[in-house]
Amino acid sequence: MHHILSARDFGKNFQWGVAIAAAQNEGAAGEDGKGASIWDAFAKRPGKIRGGGRPTTGCDFYHRYKDDLLLVKALGFTVFRFSLSWARILPDGTGKVNKEGIAFYHKVIDECLKLGLIPYVTLYHWDLPQELQKKGGWANYFINKWFNRFVTVCAEAYGDKVKNWIIINEPFGFTSLGYMIGRHAPGKTGLENFLPAIYHTSLAQAEGGRIIRNLVPYAHIGTAFSFSQVVPHSDKKEDLAAANRVDILMNRLFIEPVIGKGYPIDDSFKFLEKLQLHNKAWKFADRLQFDFDFIGLQYYFPVVIKYNPLVPYVQATEVNAKSRKVPHTAMGWEINADSFYRTIKRIWLYGGVKEIVITENGAAFKDEVKNGIINDTERIDYFRHHLKAVLKAKREGVNIKGYFAWTLMDNFEWSEGYTKRFGLVHVDFKTQLRTIKNSGYWWRDFLNG
Ligand code: NOJ
C-alpha cells in the first residue's frame, strides 16, 4: 500500500516552521535609523554579488511583514523563525539603541502572537554592523563585549514575549566564507582572520546562551549549525585523510566545544594545532561550553572530497555533484536525503545533545512562472524525501522537536544575490509581487492533511 506522508506522523507537538533572516528579507537598509551591515558594504564592492544585487530592498519584509505573516499562517505553519538585525537595533553595533529598530521587532513578534505563530528569534544571522567590522569584526577580541551587549538589549526588550532563541546561525558558514575564503562579507581571508573569528564566535555563542538563560525565564535556547555528510572520493589513504580534515571543519569544529569536548584534536591536521596555539586564551576553553536546550541542525547537501595538495591547510577539494552526474539543485548541491538521515543520527549519537530542531532545510531550483503558476515539482520531491529522513530518525528515537523549511519566500541569497530562489513563495523583485509556488500549496496540504 502506498503510504502518504502526513504531518500527523510526526506527532501532535511537532513544531512546523518557516525560516527567514533579516539581511535576506527585510530590505529598508537605511530606514528608521538602521546602520549599515557588512552585507550592505560588501555588496557595493564590484563583482562580489552575482548579478550585482544588494540587500537594500530584499523582499521588503520590513514593510510587508503583516501580509507575509498571513502567508505563513495560510500555509499552515505554526512557527516563524526570523533574525534580528544588530545594526537596526544598535546602528553602530555599540552605543546608542535605536528605538525604531526595537519597535519594528515588537511589531513582528506581536503579529506572530496574534496569529498564533510561535516566534523563534535568531540573534546573529551574519549581518554584523559595518561599524564593528571597521574595528576588525569577529576577528577583534572586543566582539565578545559588543555581542554580549547586543544580546542583553534584545533579551531585555523581547524576553517577555519570546521564549525560543537561536544564538548564532551557522558559525562555520560565516567564519569560513567571510574570514577565510573571502567569498562572503566582510571578504577577509587567511588564518590571521579565521582563527580569531572561530574562537570569538564559539565564545559568543556560549556567552549568549548564558545571558539569555539569566535574563529570560523559561527560555528554550539553541544555536544553529550547518552539517554535511563528508564522503571520501575513493578508498585511497590520501582521500580518506582529506575527507577527515574537511569533516573536522564542516561538522565538528563548532559543535564539539559547545558540548564540552573542546576543539577537535587530530595530530595529522596542522590547522588544529594552529587553532589551539592561537587561543592562548585557552584558559577560556570551559567557557565555550553551554548546555543548550536544543541544537539547531541545518542540512542541505553531502560533499564528496578528494586530496588536493594545492589547497592550503586543508589540502582537499570537492568533487562537485555536476561532475559526478548526480541529481543536484540550482546551487549545484547534491540532493541526498539519506545523507540527511545519517547526519541527524550522527549528531544525536554524540550523546551531549538533548533535543534537535531542524532549523533549516530546503532547496533552490530554476523556478519558471507559467501563466502565474510555479510548478516546482523538484522542490516538492526534495521536501518529501527529506521529511521522510526526519521521520525515520525520529522513529528510531532521536528527539526531534521541529522542522523549519528554508525559506518562506525568494530572497537575497548572499553572494548569489537574487539569482537563487529557495522560497515556497515566489517573489517578483521588480514589483514585490508574491505568488505561492506549488511547493507552498504542497506544504499547506501536508500540514492540514
Ligand atoms: C544557510 C543560511 O543560514 C541561509 O541564510 C541561506 O540562505 C541558506 N543556507 C541557503 O544557502
# chains A, B, ... in the order shown; residues from 1 in each chain; ligands from 1

$ residues_near_ligand --ligand "ligand 1" --cutoff "10 Å" --atoms "only C-alpha atoms and all ligand atoms" --output "VMD selection string"
chain A and resid 19 to 24 125 to 126 168 to 171 173 to 174 224 to 226 298 to 300 331 333 359 to 364 406 to 407 410 to 416 420 to 423

$ residues_around --residues "A:Leu275" --least-positions-apart "2" --cutoff "9 Å" --atoms "only C-alpha atoms" --output "compact mmCIF listing (two decimals) with N, CA, C and O atoms, in the first residue's frame"
# COMPACT_ATOMS: atom_id res chain seq x y z
N LEU A 191 44.41 32.80 7.77
CA LEU A 191 44.29 32.30 9.14
C LEU A 191 44.31 33.41 10.18
O LEU A 191 43.73 33.27 11.25
N LEU A 195 41.26 32.21 12.40
CA LEU A 195 41.46 31.62 13.74
C LEU A 195 40.81 32.44 14.85
O LEU A 195 40.04 31.89 15.64
N PRO A 196 41.08 33.77 14.91
CA PRO A 196 40.38 34.51 15.96
C PRO A 196 38.87 34.51 15.78
O PRO A 196 38.12 34.47 16.76
N ILE A 198 36.99 32.15 14.68
CA ILE A 198 36.45 30.88 15.20
C ILE A 198 36.32 30.96 16.72
O ILE A 198 35.28 30.64 17.30
N TYR A 199 37.38 31.40 17.34
CA TYR A 199 37.39 31.44 18.80
C TYR A 199 36.33 32.40 19.34
O TYR A 199 35.54 32.06 20.23
N TYR A 263 37.89 21.81 21.25
CA TYR A 263 38.11 21.74 19.81
C TYR A 263 38.53 20.34 19.43
O TYR A 263 39.22 19.66 20.19
N LYS A 270 47.44 19.91 10.90
CA LYS A 270 48.23 21.02 11.45
C LYS A 270 47.38 22.24 11.82
O LYS A 270 47.67 22.96 12.77
N PHE A 271 46.33 22.45 11.04
CA PHE A 271 45.46 23.60 11.28
C PHE A 271 44.96 23.64 12.72
O PHE A 271 44.90 24.69 13.36
N LEU A 272 44.64 22.47 13.26
CA LEU A 272 44.09 22.42 14.62
C LEU A 272 45.13 22.85 15.65
O LEU A 272 44.82 23.50 16.64
N GLU A 273 46.38 22.48 15.35
CA GLU A 273 47.46 22.89 16.24
C GLU A 273 47.55 24.42 16.27
O GLU A 273 47.67 25.03 17.33
N LEU A 277 47.09 26.92 19.38
CA LEU A 277 48.15 27.86 19.71
C LEU A 277 47.61 29.28 19.73
O LEU A 277 47.91 30.07 20.61
N HIS A 278 46.80 29.57 18.72
CA HIS A 278 46.25 30.92 18.64
C HIS A 278 45.48 31.26 19.91
O HIS A 278 45.55 32.36 20.43
N ASN A 279 44.74 30.28 20.36
CA ASN A 279 43.91 30.54 21.52
C ASN A 279 44.73 30.45 22.79
O ASN A 279 44.55 29.57 23.60

$ closest_residue --among "A:Phe446, A:Phe269, A:Phe290, A:Tyr341" --to "A:Tyr313" --atoms "only C-alpha atoms"
A:Phe269

$ residues_around --residues "A:Pro129" --least-positions-apart "5" --cutoff "10 Å" --atoms "only C-alpha atoms" --output "VMD selection string"
chain A and resid 34 to 41 85 to 94 134 137

$ residues_around --residues "A:Phe10" --least-positions-apart "2" --cutoff "9 Å" --atoms "only C-alpha atoms" --output "list in words"
Ser6, Ala7, Arg8, Lys12, Asn13, Phe14, Val390, Leu391, Lys394, Arg395 and Gly402 of chain A

$ write_last_selection --atoms "all heavy atoms" --output "PDB file, in the first residue's frame"
ATOM      1  N   SER A   6       2.239  12.273   6.091  1.00  0.00           N
ATOM      2  CA  SER A   6       1.390  13.328   6.648  1.00  0.00           C
ATOM      3  C   SER A   6       2.046  13.920   7.881  1.00  0.00           C
ATOM      4  O   SER A   6       2.818  13.256   8.587  1.00  0.00           O
ATOM      5  CB  SER A   6       0.002  12.745   6.959  1.00  0.00           C
ATOM      6  OG  SER A   6      -0.356  13.000   8.291  1.00  0.00           O
ATOM      7  N   ALA A   7       1.711  15.171   8.143  1.00  0.00           N
ATOM      8  CA  ALA A   7       2.322  15.864   9.276  1.00  0.00           C
ATOM      9  C   ALA A   7       1.992  15.149  10.585  1.00  0.00           C
ATOM     10  O   ALA A   7       2.768  15.197  11.536  1.00  0.00           O
ATOM     11  CB  ALA A   7       1.847  17.313   9.317  1.00  0.00           C
ATOM     12  N   ARG A   8       0.845  14.480  10.593  1.00  0.00           N
ATOM     13  CA  ARG A   8       0.436  13.793  11.824  1.00  0.00           C
ATOM     14  C   ARG A   8       1.400  12.680  12.233  1.00  0.00           C
ATOM     15  O   ARG A   8       1.514  12.345  13.411  1.00  0.00           O
ATOM     16  CB  ARG A   8      -0.970  13.225  11.673  1.00  0.00           C
ATOM     17  CG  ARG A   8      -2.038  14.210  12.113  1.00  0.00           C
ATOM     18  CD  ARG A   8      -3.399  13.707  11.752  1.00  0.00           C
ATOM     19  NE  ARG A   8      -3.489  13.548  10.292  1.00  0.00           N
ATOM     20  CZ  ARG A   8      -4.442  12.872   9.659  1.00  0.00           C
ATOM     21  NH1 ARG A   8      -5.375  12.241  10.338  1.00  0.00           N
ATOM     22  NH2 ARG A   8      -4.455  12.811   8.338  1.00  0.00           N
ATOM     23  N   LYS A  12       1.695  15.145  17.595  1.00  0.00           N
ATOM     24  CA  LYS A  12       0.881  16.350  17.786  1.00  0.00           C
ATOM     25  C   LYS A  12       1.704  17.587  18.148  1.00  0.00           C
ATOM     26  O   LYS A  12       1.374  18.694  17.763  1.00  0.00           O
ATOM     27  CB  LYS A  12      -0.130  16.099  18.921  1.00  0.00           C
ATOM     28  CG  LYS A  12      -1.533  15.921  18.427  1.00  0.00           C
ATOM     29  CD  LYS A  12      -2.656  16.307  19.393  1.00  0.00           C
ATOM     30  CE  LYS A  12      -2.396  16.427  20.846  1.00  0.00           C
ATOM     31  NZ  LYS A  12      -2.711  15.276  21.689  1.00  0.00           N
ATOM     32  N   ASN A  13       2.767  17.359  18.923  1.00  0.00           N
ATOM     33  CA  ASN A  13       3.513  18.527  19.405  1.00  0.00           C
ATOM     34  C   ASN A  13       4.676  18.949  18.517  1.00  0.00           C
ATOM     35  O   ASN A  13       5.433  19.839  18.867  1.00  0.00           O
ATOM     36  CB  ASN A  13       4.040  18.249  20.816  1.00  0.00           C
ATOM     37  CG  ASN A  13       2.886  18.040  21.765  1.00  0.00           C
ATOM     38  OD1 ASN A  13       1.857  18.702  21.653  1.00  0.00           O
ATOM     39  ND2 ASN A  13       3.034  17.084  22.686  1.00  0.00           N
ATOM     40  N   PHE A  14       4.797  18.269  17.389  1.00  0.00           N
ATOM     41  CA  PHE A  14       5.907  18.601  16.493  1.00  0.00           C
ATOM     42  C   PHE A  14       5.714  20.024  15.972  1.00  0.00           C
ATOM     43  O   PHE A  14       4.619  20.424  15.602  1.00  0.00           O
ATOM     44  CB  PHE A  14       5.945  17.612  15.332  1.00  0.00           C
ATOM     45  CG  PHE A  14       7.264  17.569  14.618  1.00  0.00           C
ATOM     46  CD1 PHE A  14       8.343  16.877  15.166  1.00  0.00           C
ATOM     47  CD2 PHE A  14       7.428  18.210  13.393  1.00  0.00           C
ATOM     48  CE1 PHE A  14       9.564  16.834  14.506  1.00  0.00           C
ATOM     49  CE2 PHE A  14       8.657  18.170  12.733  1.00  0.00           C
ATOM     50  CZ  PHE A  14       9.716  17.480  13.288  1.00  0.00           C
ATOM     51  N   VAL A 390      13.711  12.677   8.198  1.00  0.00           N
ATOM     52  CA  VAL A 390      13.494  13.171   9.563  1.00  0.00           C
ATOM     53  C   VAL A 390      12.619  12.180  10.332  1.00  0.00           C
ATOM     54  O   VAL A 390      12.915  11.814  11.475  1.00  0.00           O
ATOM     55  CB  VAL A 390      12.812  14.567   9.547  1.00  0.00           C
ATOM     56  CG1 VAL A 390      12.460  15.019  10.953  1.00  0.00           C
ATOM     57  CG2 VAL A 390      13.712  15.594   8.873  1.00  0.00           C
ATOM     58  N   LEU A 391      11.578  11.730   9.669  1.00  0.00           N
ATOM     59  CA  LEU A 391      10.642  10.814  10.321  1.00  0.00           C
ATOM     60  C   LEU A 391      11.327   9.507  10.714  1.00  0.00           C
ATOM     61  O   LEU A 391      11.116   8.971  11.810  1.00  0.00           O
ATOM     62  CB  LEU A 391       9.453  10.545   9.390  1.00  0.00           C
ATOM     63  CG  LEU A 391       8.303   9.748   9.976  1.00  0.00           C
ATOM     64  CD1 LEU A 391       7.747  10.417  11.241  1.00  0.00           C
ATOM     65  CD2 LEU A 391       7.174   9.575   8.944  1.00  0.00           C
ATOM     66  N   LYS A 394      13.410  10.098  13.675  1.00  0.00           N
ATOM     67  CA  LYS A 394      12.536  10.327  14.832  1.00  0.00           C
ATOM     68  C   LYS A 394      11.989   8.997  15.350  1.00  0.00           C
ATOM     69  O   LYS A 394      11.995   8.737  16.554  1.00  0.00           O
ATOM     70  CB  LYS A 394      11.399  11.270  14.429  1.00  0.00           C
ATOM     71  CG  LYS A 394      10.547  11.745  15.590  1.00  0.00           C
ATOM     72  CD  LYS A 394       9.611  12.855  15.165  1.00  0.00           C
ATOM     73  CE  LYS A 394       8.931  13.476  16.380  1.00  0.00           C
ATOM     74  NZ  LYS A 394       8.058  12.526  17.091  1.00  0.00           N
ATOM     75  N   ARG A 395      11.573   8.163  14.434  1.00  0.00           N
ATOM     76  CA  ARG A 395      11.013   6.858  14.838  1.00  0.00           C
ATOM     77  C   ARG A 395      12.065   5.974  15.484  1.00  0.00           C
ATOM     78  O   ARG A 395      11.738   5.075  16.261  1.00  0.00           O
ATOM     79  CB  ARG A 395      10.407   6.159  13.629  1.00  0.00           C
ATOM     80  CG  ARG A 395       9.111   6.831  13.212  1.00  0.00           C
ATOM     81  CD  ARG A 395       8.273   5.943  12.329  1.00  0.00           C
ATOM     82  NE  ARG A 395       6.932   6.485  12.188  1.00  0.00           N
ATOM     83  CZ  ARG A 395       6.247   6.530  11.054  1.00  0.00           C
ATOM     84  NH1 ARG A 395       6.782   6.023   9.939  1.00  0.00           N
ATOM     85  NH2 ARG A 395       5.037   7.035  11.032  1.00  0.00           N
ATOM     86  N   GLY A 402      11.198  19.733  15.976  1.00  0.00           N
ATOM     87  CA  GLY A 402      10.559  20.524  14.930  1.00  0.00           C
ATOM     88  C   GLY A 402      11.361  20.524  13.645  1.00  0.00           C
ATOM     89  O   GLY A 402      12.512  20.057  13.601  1.00  0.00           O
TER      90      GLY A 402
END

$ residues_around --residues "stretch 217-222 of chain A" --least-positions-apart "4" --cutoff "10 Å" --atoms "only C-alpha atoms" --output "ChimeraX atom specification"
/A:120-122,159-160,162-169,205-206,208-210,212-213,290-297,355-357,359

$ residues_around --residues "A:Ser268" --least-positions-apart "3" --cutoff "12 Å" --atoms "only C-alpha atoms" --output "list in words"
Glu238, Ala241, Ala242, Asn244, Arg245, Ile248, Pro264, Ile265, Phe271, Leu272, Glu273, Tyr313, Val314 and Gln315 of chain A

$ residues_around --residues "A:Asp376" --least-positions-apart "5" --cutoff "12 Å" --atoms "only C-alpha atoms" --output "VMD selection string"
chain A and resid 329 363 to 370 381 to 383 421 to 426 436 to 442

$ write_last_selection --atoms "C-alpha atoms" --output "CSV table (one decimal), in the first residue's frame"
chain,number,residue,atom,x,y,z
A,329,THR,CA,19.9,21.8,-7.1
A,363,ALA,CA,16.5,23.8,-2.0
A,364,ALA,CA,16.9,26.3,-4.8
A,365,PHE,CA,15.7,25.4,-8.3
A,366,LYS,CA,15.2,27.3,-11.5
A,367,ASP,CA,11.6,28.1,-11.0
A,368,GLU,CA,9.6,29.0,-14.1
A,369,VAL,CA,6.5,31.1,-13.9
A,370,LYS,CA,4.0,29.9,-16.5
A,381,ASP,CA,10.2,16.0,-4.1
A,382,TYR,CA,13.1,17.4,-2.1
A,383,PHE,CA,10.9,18.2,0.9
A,421,ARG,CA,15.4,31.0,-5.3
A,422,PHE,CA,14.7,28.9,-2.2
A,423,GLY,CA,11.2,30.2,-1.4
A,424,LEU,CA,7.9,28.4,-1.0
A,425,VAL,CA,6.6,31.7,-2.3
A,426,HIS,CA,7.9,33.3,-5.5
A,436,ILE,CA,2.6,30.9,-3.8
A,437,LYS,CA,4.6,28.1,-5.6
A,438,ASN,CA,3.1,24.6,-5.9
A,439,SER,CA,5.6,23.6,-3.2
A,440,GLY,CA,3.8,26.2,-0.9
A,441,TYR,CA,0.5,24.6,-1.7
A,442,TRP,CA,2.0,21.2,-1.1

$ select_by_dssp --residues "stretch 26-197 of chain A" --states "alpha helix (DSSP H)" --output "PyMOL selection string"
chain A and resi 38-43+61-74+86-89+99-115+130-133+143-158+171-179+191-197

$ select_by_dssp --residues "stretch 91-250 of chain A" --states "strand (DSSP E or B)" --output "ChimeraX atom specification"
/A:118-124,129,164-169,181,189,220-227,230-232

$ atom_distance --atom1 "atom CA of A:Phe194" --atom2 "atom CA of A:Gln130"
17.9 Å

$ closest_residue --among "A:Ile347, A:Leu288, A:Leu75, A:Leu117" --to "A:Arg252" --atoms "only C-alpha atoms"
A:Ile347
